[in-house]
>>> print(open('protein-v1.txt').read())   # compact mmCIF, C-alpha atoms
# COMPACT_ATOMS: atom_id res chain seq x y z
CA MET A 21 113.16 39.08 96.52
CA PHE A 22 116.29 39.32 98.67
CA THR A 23 119.67 40.49 97.40
CA THR A 24 122.61 38.26 98.26
CA GLY A 25 125.91 39.61 99.57
CA THR A 26 127.59 38.87 96.24
CA GLN A 27 124.91 40.76 94.32
CA THR A 28 125.26 43.69 96.71
CA LEU A 29 129.05 43.70 96.26
CA ASN A 30 128.73 43.56 92.47
CA LEU A 31 126.22 46.40 92.53
CA SER A 32 128.51 48.49 94.76
CA THR A 33 131.47 47.80 92.48
CA LYS A 34 129.40 48.81 89.46
CA ASN A 35 128.36 52.04 91.19
CA ILE A 36 132.00 52.86 91.96
CA SER A 37 132.95 52.18 88.33
CA THR A 38 130.15 54.46 87.11
CA LYS A 39 131.19 57.23 89.51
CA ASN A 40 134.84 56.88 88.49
CA THR A 41 133.95 57.05 84.81
CA SER A 42 131.83 60.17 85.30
CA THR A 43 134.53 61.82 87.39
CA LYS A 44 137.19 60.93 84.84
CA LEU A 45 135.16 62.30 81.94
CA LEU A 46 134.42 65.56 83.77
CA LEU A 47 138.04 66.07 84.81
CA SER A 48 139.23 65.20 81.29
CA TYR A 49 136.79 67.66 79.73
CA ILE A 50 138.00 70.48 82.00
CA THR A 51 141.65 69.58 81.35
CA GLY A 52 141.04 69.43 77.61
CA LEU A 53 139.55 72.90 77.50
CA ALA A 54 142.38 74.24 79.63
CA CYS A 55 144.99 72.66 77.34
CA PHE A 56 143.65 73.79 74.00
CA LEU A 57 142.39 77.33 74.44
CA PRO A 58 145.33 79.25 75.99
CA TYR A 59 147.77 78.07 73.31
CA PHE A 60 145.60 79.61 70.58
CA PHE A 61 144.96 82.66 72.74
CA LEU A 62 148.69 83.37 73.06
CA VAL A 63 149.26 82.87 69.33
CA PHE A 64 146.81 85.58 68.31
CA VAL A 65 146.97 87.97 71.26
CA ASP A 66 149.17 91.06 71.27
CA PRO A 67 152.81 89.94 71.86
CA ASN A 68 153.27 92.47 74.66
CA LEU A 69 150.28 91.05 76.53
CA ALA A 70 151.59 87.51 75.97
CA PHE A 71 154.92 88.57 77.45
CA GLU A 72 153.21 90.13 80.47
CA LEU A 73 151.40 86.86 81.11
CA GLY A 74 154.35 84.56 80.49
CA HIS A 75 157.46 86.33 81.71
CA GLU A 76 159.47 85.17 84.74
CA ASP A 77 157.27 85.55 87.85
CA GLY A 78 154.28 86.25 85.59
CA LEU A 79 150.74 84.93 85.89
CA ILE A 80 151.38 81.70 83.97
CA GLU A 81 154.39 80.71 86.06
CA ASN A 82 152.63 81.58 89.33
CA LEU A 83 149.63 79.48 88.31
CA GLY A 84 151.98 76.57 87.63
CA ALA A 85 153.48 76.90 91.11
CA GLY A 86 149.99 77.08 92.60
CA PHE A 87 148.91 73.87 90.86
CA PHE A 88 152.03 72.09 92.16
CA ALA A 89 150.96 73.09 95.68
CA LEU A 90 147.32 72.06 95.14
CA ALA A 91 148.34 68.71 93.63
CA SER A 92 150.67 68.07 96.57
CA LEU A 93 147.96 68.92 99.11
CA THR A 94 145.37 66.75 97.32
CA LEU A 95 147.75 63.78 97.26
CA PHE A 96 148.43 64.20 100.97
CA LEU A 97 144.67 64.08 101.63
CA THR A 98 144.47 61.01 99.37
CA TYR A 99 147.26 59.41 101.40
CA ILE A 100 145.25 60.00 104.60
CA GLN A 101 142.08 58.62 102.97
CA SER A 102 143.90 55.49 101.79
CA ALA A 103 144.05 54.16 105.38
CA ARG A 104 140.74 52.38 104.70
CA THR A 105 141.89 50.67 101.49
CA GLU A 106 144.22 47.75 100.82
CA ASN A 107 147.73 49.05 100.16
CA LYS A 108 151.09 47.62 99.22
CA PHE A 109 154.56 49.06 98.79
CA PHE A 110 156.93 46.73 96.93
CA ASN A 111 154.64 43.83 97.89
CA VAL A 112 154.69 44.77 101.58
CA THR A 113 151.26 45.49 103.06
CA THR A 114 151.07 49.02 104.47
CA LYS A 115 148.43 50.89 106.45
CA LYS A 116 148.33 53.74 103.93
CA ASN A 117 149.43 54.00 100.29
CA ILE A 118 153.01 55.26 100.52
CA TRP A 119 153.08 56.10 96.82
CA TYR A 120 150.60 58.93 97.38
CA LEU A 121 152.88 60.35 100.07
CA LEU A 122 155.94 60.08 97.81
CA LEU A 123 154.10 61.83 94.97
CA CYS A 124 152.96 64.47 97.46
CA ILE A 125 156.56 65.12 98.56
CA PHE A 126 157.81 65.15 94.97
CA LEU A 127 155.26 67.75 93.88
CA PHE A 128 155.92 69.84 96.99
CA LEU A 129 159.62 69.88 96.06
CA CYS A 130 158.59 71.02 92.56
CA PHE A 131 156.52 73.78 94.15
CA GLY A 132 159.43 74.87 96.34
CA GLU A 133 161.79 74.95 93.39
CA GLU A 134 159.29 76.93 91.31
CA ILE A 135 159.11 79.72 93.91
CA SER A 136 162.84 79.41 94.74
CA TRP A 137 161.87 78.26 98.22
CA GLY A 138 160.18 81.53 99.08
CA GLN A 139 162.86 83.89 97.79
CA ARG A 140 160.43 85.50 95.35
CA ILE A 141 157.96 86.06 98.19
CA PHE A 142 160.30 87.25 100.95
CA ASN A 143 162.92 88.83 98.64
CA TRP A 144 166.08 87.60 100.35
CA GLN A 145 169.44 87.82 98.60
CA THR A 146 171.01 84.76 97.03
CA PRO A 147 174.38 83.90 98.63
CA ASP A 148 177.24 84.86 96.29
CA LEU A 149 178.67 81.35 96.14
CA TRP A 150 175.29 79.93 95.12
CA GLY A 151 174.29 82.83 92.87
CA ASN A 152 177.50 82.64 90.83
CA ASP A 153 176.59 79.13 89.70
CA ASN A 154 172.85 79.72 89.36
CA LEU A 155 171.85 81.03 85.92
CA GLN A 156 168.99 83.08 87.42
CA GLN A 157 170.87 84.04 90.62
CA GLU A 158 168.12 82.42 92.70
CA THR A 159 167.99 80.03 95.65
CA ASN A 160 167.00 76.87 93.83
CA ILE A 161 168.63 73.75 92.45
CA HIS A 162 167.10 73.32 88.99
CA ASN A 163 168.65 76.56 87.65
CA LEU A 164 172.17 75.58 88.66
CA ARG A 165 174.49 75.49 85.67
CA LEU A 166 175.03 71.74 86.12
CA PHE A 167 171.33 71.04 85.50
CA GLU A 168 170.15 73.95 83.35
CA LYS A 169 172.82 73.50 80.67
CA SER A 170 172.66 69.68 80.61
CA ASP A 171 170.76 67.74 77.96
CA ILE A 172 170.36 64.83 80.38
CA LEU A 173 169.95 66.44 83.83
CA ASN A 174 167.79 69.39 82.74
CA PHE A 175 164.92 69.53 85.24
CA THR A 176 162.26 70.54 82.71
CA ARG A 177 163.13 67.67 80.36
CA LEU A 178 163.24 65.14 83.21
CA LEU A 179 159.86 66.30 84.54
CA THR A 180 158.30 66.14 81.05
CA LEU A 181 159.69 62.63 80.58
CA PHE A 182 158.38 61.51 83.98
CA CYS A 183 154.92 62.95 83.27
CA MET A 184 154.61 61.18 79.93
CA ILE A 185 155.96 57.82 81.14
CA TYR A 186 154.04 57.63 84.42
CA GLY A 187 150.92 59.45 83.24
CA PHE A 188 150.44 57.81 79.84
CA PHE A 189 152.81 55.10 78.64
CA PHE A 190 152.95 53.00 81.82
CA PRO A 191 149.13 52.88 82.20
CA ILE A 192 148.87 51.68 78.60
CA LEU A 193 151.38 48.89 79.30
CA VAL A 194 149.42 47.94 82.42
CA ARG A 195 146.20 47.75 80.45
CA LEU A 196 147.63 45.77 77.52
CA PHE A 197 150.07 43.34 79.15
CA LYS A 198 149.49 41.05 82.11
CA ARG A 199 153.14 41.16 83.23
CA TYR A 200 152.92 44.93 83.72
CA ARG A 201 149.63 44.58 85.62
CA THR A 202 151.26 42.03 87.90
CA PHE A 203 154.28 44.29 88.33
CA SER A 204 152.13 47.33 89.18
CA GLN A 205 150.20 45.27 91.74
CA TRP A 206 153.48 44.11 93.26
CA LEU A 207 154.60 47.73 93.51
CA GLY A 208 151.22 48.89 94.81
CA LEU A 209 151.59 51.89 92.50
CA PRO A 210 148.45 53.96 91.74
CA ILE A 211 147.78 53.78 88.01
CA PRO A 212 146.76 57.07 86.36
CA SER A 213 143.76 57.36 84.07
CA ILE A 214 144.98 57.02 80.48
CA THR A 215 142.44 59.66 79.43
CA ILE A 216 143.77 62.24 81.88
CA GLY A 217 147.40 61.17 81.40
CA SER A 218 147.08 61.60 77.64
CA PHE A 219 146.97 65.37 78.17
CA PHE A 220 150.66 65.24 79.12
CA ILE A 221 151.20 64.10 75.52
CA VAL A 222 148.71 66.61 74.10
CA ASN A 223 150.45 69.41 75.98
CA TYR A 224 153.86 68.42 74.59
CA ILE A 225 152.54 68.06 71.03
CA PHE A 226 150.79 71.44 71.13
CA PHE A 227 153.94 73.11 72.39
CA GLN A 228 156.01 71.59 69.59
CA LEU A 229 153.41 72.37 66.90
CA ILE A 230 153.07 75.99 67.98
CA SER A 231 156.85 76.37 68.18
CA TYR A 232 157.48 75.09 64.66
CA SER A 233 154.27 75.95 62.80
CA PHE A 234 154.05 79.66 63.61
CA ASN A 235 156.59 82.35 62.90
CA ILE A 236 157.20 83.49 66.48
CA ASP A 237 160.17 85.29 67.94
CA GLN A 238 162.31 84.13 70.86
CA MET A 239 160.32 86.15 73.39
CA SER A 240 157.08 84.47 72.33
CA GLN A 241 158.85 81.11 72.27
CA ASP A 242 159.76 81.59 75.94
CA VAL A 243 156.13 82.39 76.76
CA PHE A 244 154.91 79.14 75.15
CA LYS A 245 157.64 77.23 76.96
CA GLU A 246 156.39 78.70 80.24
CA LEU A 247 152.81 77.69 79.34
CA HIS A 248 153.93 74.15 78.52
CA GLU A 249 155.76 73.87 81.84
CA SER A 250 152.81 75.24 83.80
CA TYR A 251 150.36 72.79 82.24
CA GLN A 252 152.18 69.83 83.75
CA PRO A 253 151.28 70.73 87.34
CA LEU A 254 147.72 71.52 86.20
CA ILE A 255 147.35 68.03 84.74
CA PHE A 256 148.96 66.54 87.85
CA PHE A 257 146.39 68.40 89.95
CA VAL A 258 143.56 66.91 87.87
CA LEU A 259 145.20 63.49 88.21
CA SER A 260 145.46 63.93 91.98
CA LEU A 261 141.72 64.70 92.10
CA TYR A 262 141.12 61.49 90.14
CA PHE A 263 143.10 59.51 92.71
CA PHE A 264 141.33 61.24 95.59
CA PHE A 265 137.84 60.50 94.25
CA ASN A 266 138.82 56.91 93.48
CA VAL A 267 139.98 56.31 97.05
CA LYS A 268 136.94 58.09 98.47
CA ALA A 269 134.60 55.99 96.33
CA ALA A 270 136.36 52.80 97.46
CA ASN A 271 135.96 53.88 101.09
CA SER A 272 132.22 54.47 100.67
CA VAL A 273 131.47 50.75 100.23
CA LYS A 274 133.47 49.57 103.24
>>> encode(input="protein-v1.txt", output="structure tokens")
Amino acid sequence: MFTTGTQTLNLSTKNISTKNTSTKLLLSYITGLACFLPYFFLVFVDPNLAFELGHEDGLIENLGAGFFALASLTLFLTYIQSARTENKFFNVTTKKNIWYLLLCIFLFLCFGEEISWGQRIFNWQTPDLWGNDNLQQETNIHNLRLFEKSDILNFTRLLTLFCMIYGFFFPILVRLFKRYRTFSQWLGLPIPSITIGSFFIVNYIFFQLISYSFNIDQMSQDVFKELHESYQPLIFFVLSLYFFFNVKAANSVK
């Protein structure tokens, strides 16, 4: 019995779907473990150890910066891989998926801001004019008084909002409503996995529950805030791996 071209295509599509599902489940399982365990660890561990892990320039913050860099690099590789897939950018056909490049640049900027553009590595002095308006006296933008003290322009709040909207709420709208699916196709925007994106919500909920359910002092509160902020680049890294494997799987049948 011979297999027709249509049957072969359907079989290839089914194989890609199976691979994507397995990859998504594995990445989600790893992310889930990473999200749940450290919150409980920091609740019950000695407060001095928690502070050592979560203070400014501590392990937790450095891991967050590292995941920003890894997510950015993975998205750049995904952008390169996308040359063999069909891509659009605001309904204009493009050789590669420009959205991956834009996400790559965005996360690299987050990485640069997190390490104050190398100041913490090379130990240069912040210019007086800049340092006077920077609440941490560092060479970055997000700690400037204009942003740090604002309820609207605060970088952490804006990043959290972006993560939850792009990573979770928009994919749900795309899945449930045809108009949003059509809009996303017109944009050419990569749609995150709802399963992986849901951990942006889980991360936020855990941070709020820990903050209000346990009697913790301000020092410990700052540690949990640092953990919450560092999880966002971790989840973005997992999401970037999801995009990368999706594009790679699509390339394998061409």
>>> closest_atom_pairs(input="protein-v1.txt", of="stretch 134-230 of chain A", to="stretch 114-127 of chain A", cutoff="10 Å", atoms="all atoms listed in the file", output="JSON lines")
{"residue": "A:Leu207", "atom": "CA", "partner": "A:Trp119", "partner_atom": "CA", "distance": 9.1}
{"residue": "A:Gly208", "atom": "CA", "partner": "A:Asn117", "partner_atom": "CA", "distance": 7.7}
{"residue": "A:Leu209", "atom": "CA", "partner": "A:Trp119", "partner_atom": "CA", "distance": 6.2}
{"residue": "A:Pro210", "atom": "CA", "partner": "A:Trp119", "partner_atom": "CA", "distance": 7.2}
>>> atom_distance(input="protein-v1.txt", atom1="atom CA of A:Ile192", atom2="atom CA of A:Ser204")
11.9 Å
>>> residues_around(input="protein-v1.txt", residues="A:Asp153", least_positions_apart="3", cutoff="8 Å", atoms="all atoms listed in the file", output="ChimeraX atom specification")
/A:149-150,157,164-165
>>> atom_distance(input="protein-v1.txt", atom1="atom CA of A:Gln101", atom2="atom CA of A:Phe264")
7.9 Å
>>> closest_residue(input="protein-v1.txt", among="A:Asn154, A:Asn160, A:Thr180, A:Gln252", to="A:Trp137", atoms="only C-alpha atoms")
A:Asn160
>>> residues_around(input="protein-v1.txt", residues="A:Leu259", least_positions_apart="6", cutoff="9 Å", atoms="all atoms listed in the file", output="ChimeraX atom specification")
/A:47,91,187,212-213,216-217
>>> write_last_selection(input="protein-v1.txt", atoms="C-alpha atoms", output="PDB file, in the frame of the given file")
ATOM      1  CA  LEU A  47     138.040  66.070  84.810  1.00  0.00           C
ATOM      2  CA  ALA A  91     148.340  68.710  93.630  1.00  0.00           C
ATOM      3  CA  GLY A 187     150.920  59.450  83.240  1.00  0.00           C
ATOM      4  CA  PRO A 212     146.760  57.070  86.360  1.00  0.00           C
ATOM      5  CA  SER A 213     143.760  57.360  84.070  1.00  0.00           C
ATOM      6  CA  ILE A 216     143.770  62.240  81.880  1.00  0.00           C
ATOM      7  CA  GLY A 217     147.400  61.170  81.400  1.00  0.00           C
TER       8      GLY A 217
END
>>> residues_around(input="protein-v1.txt", residues="A:His162", least_positions_apart="5", cutoff="10 Å", atoms="only C-alpha atoms", output="number ranges by chain")
A: 130, 133-134, 136, 154-155, 167-168, 173-176
>>> write_last_selection(input="protein-v1.txt", atoms="C-alpha atoms", output="compact mmCIF listing (two decimals), in the frame of the given file")
# COMPACT_ATOMS: atom_id res chain seq x y z
CA CYS A 130 158.59 71.02 92.56
CA GLU A 133 161.79 74.95 93.39
CA GLU A 134 159.29 76.93 91.31
CA SER A 136 162.84 79.41 94.74
CA ASN A 154 172.85 79.72 89.36
CA LEU A 155 171.85 81.03 85.92
CA PHE A 167 171.33 71.04 85.50
CA GLU A 168 170.15 73.95 83.35
CA LEU A 173 169.95 66.44 83.83
CA ASN A 174 167.79 69.39 82.74
CA PHE A 175 164.92 69.53 85.24
CA THR A 176 162.26 70.54 82.71
>>> closest_residue(input="protein-v1.txt", among="A:Thr202, A:Leu73, A:Ser102, A:Arg195", to="A:Val267", atoms="all atoms listed in the file")
A:Ser102
>>> closest_residue(input="protein-v1.txt", among="A:Ile80, A:Leu62, A:Ile50, A:Ile100", to="A:Asn271", atoms="all atoms listed in the file")
A:Ile100
>>> axis_aligned_box(input="protein-v1.txt", around="stretch 109-113 of chain A", padding_each_side="3 Å", output="lines of an AutoDock Vina configuration file")
center_x = 154.1
center_y = 46.4
center_z = 100.0
size_x = 11.7
size_y = 11.2
size_z = 12.1
>>> atom_distance(input="protein-v1.txt", atom1="atom CA of A:His248", atom2="atom CA of A:Phe226")
8.5 Å
>>> closest_residue(input="protein-v1.txt", among="A:Phe256, A:Phe131, A:Phe188, A:Phe265", to="A:Asn82", atoms="only C-alpha atoms")
A:Phe131
>>> closest_residue(input="protein-v1.txt", among="A:Ile225, A:Val194, A:Leu261, A:Ala269", to="A:Ile211", atoms="only C-alpha atoms")
A:Val194
>>> residues_around(input="protein-v1.txt", residues="A:Leu93", least_positions_apart="2", cutoff="10 Å", atoms="only C-alpha atoms", output="list in words")
Phe87, Phe88, Ala89, Leu90, Ala91, Leu95, Phe96, Leu97, Thr98, Tyr99, Leu121, Cys124, Ile125, Leu127, Phe128, Phe257 and Ser260 of chain A
>>> write_last_selection(input="protein-v1.txt", atoms="C-alpha atoms", output="CSV table (one decimal), in the frame of the given file")
chain,number,residue,atom,x,y,z
A,87,PHE,CA,148.9,73.9,90.9
A,88,PHE,CA,152.0,72.1,92.2
A,89,ALA,CA,151.0,73.1,95.7
A,90,LEU,CA,147.3,72.1,95.1
A,91,ALA,CA,148.3,68.7,93.6
A,95,LEU,CA,147.8,63.8,97.3
A,96,PHE,CA,148.4,64.2,101.0
A,97,LEU,CA,144.7,64.1,101.6
A,98,THR,CA,144.5,61.0,99.4
A,99,TYR,CA,147.3,59.4,101.4
A,121,LEU,CA,152.9,60.4,100.1
A,124,CYS,CA,153.0,64.5,97.5
A,125,ILE,CA,156.6,65.1,98.6
A,127,LEU,CA,155.3,67.8,93.9
A,128,PHE,CA,155.9,69.8,97.0
A,257,PHE,CA,146.4,68.4,90.0
A,260,SER,CA,145.5,63.9,92.0
>>> closest_residue(input="protein-v1.txt", among="A:Glu249, A:Gln241, A:Val112, A:Gln205", to="A:Leu229", atoms="all atoms listed in the file")
A:Gln241
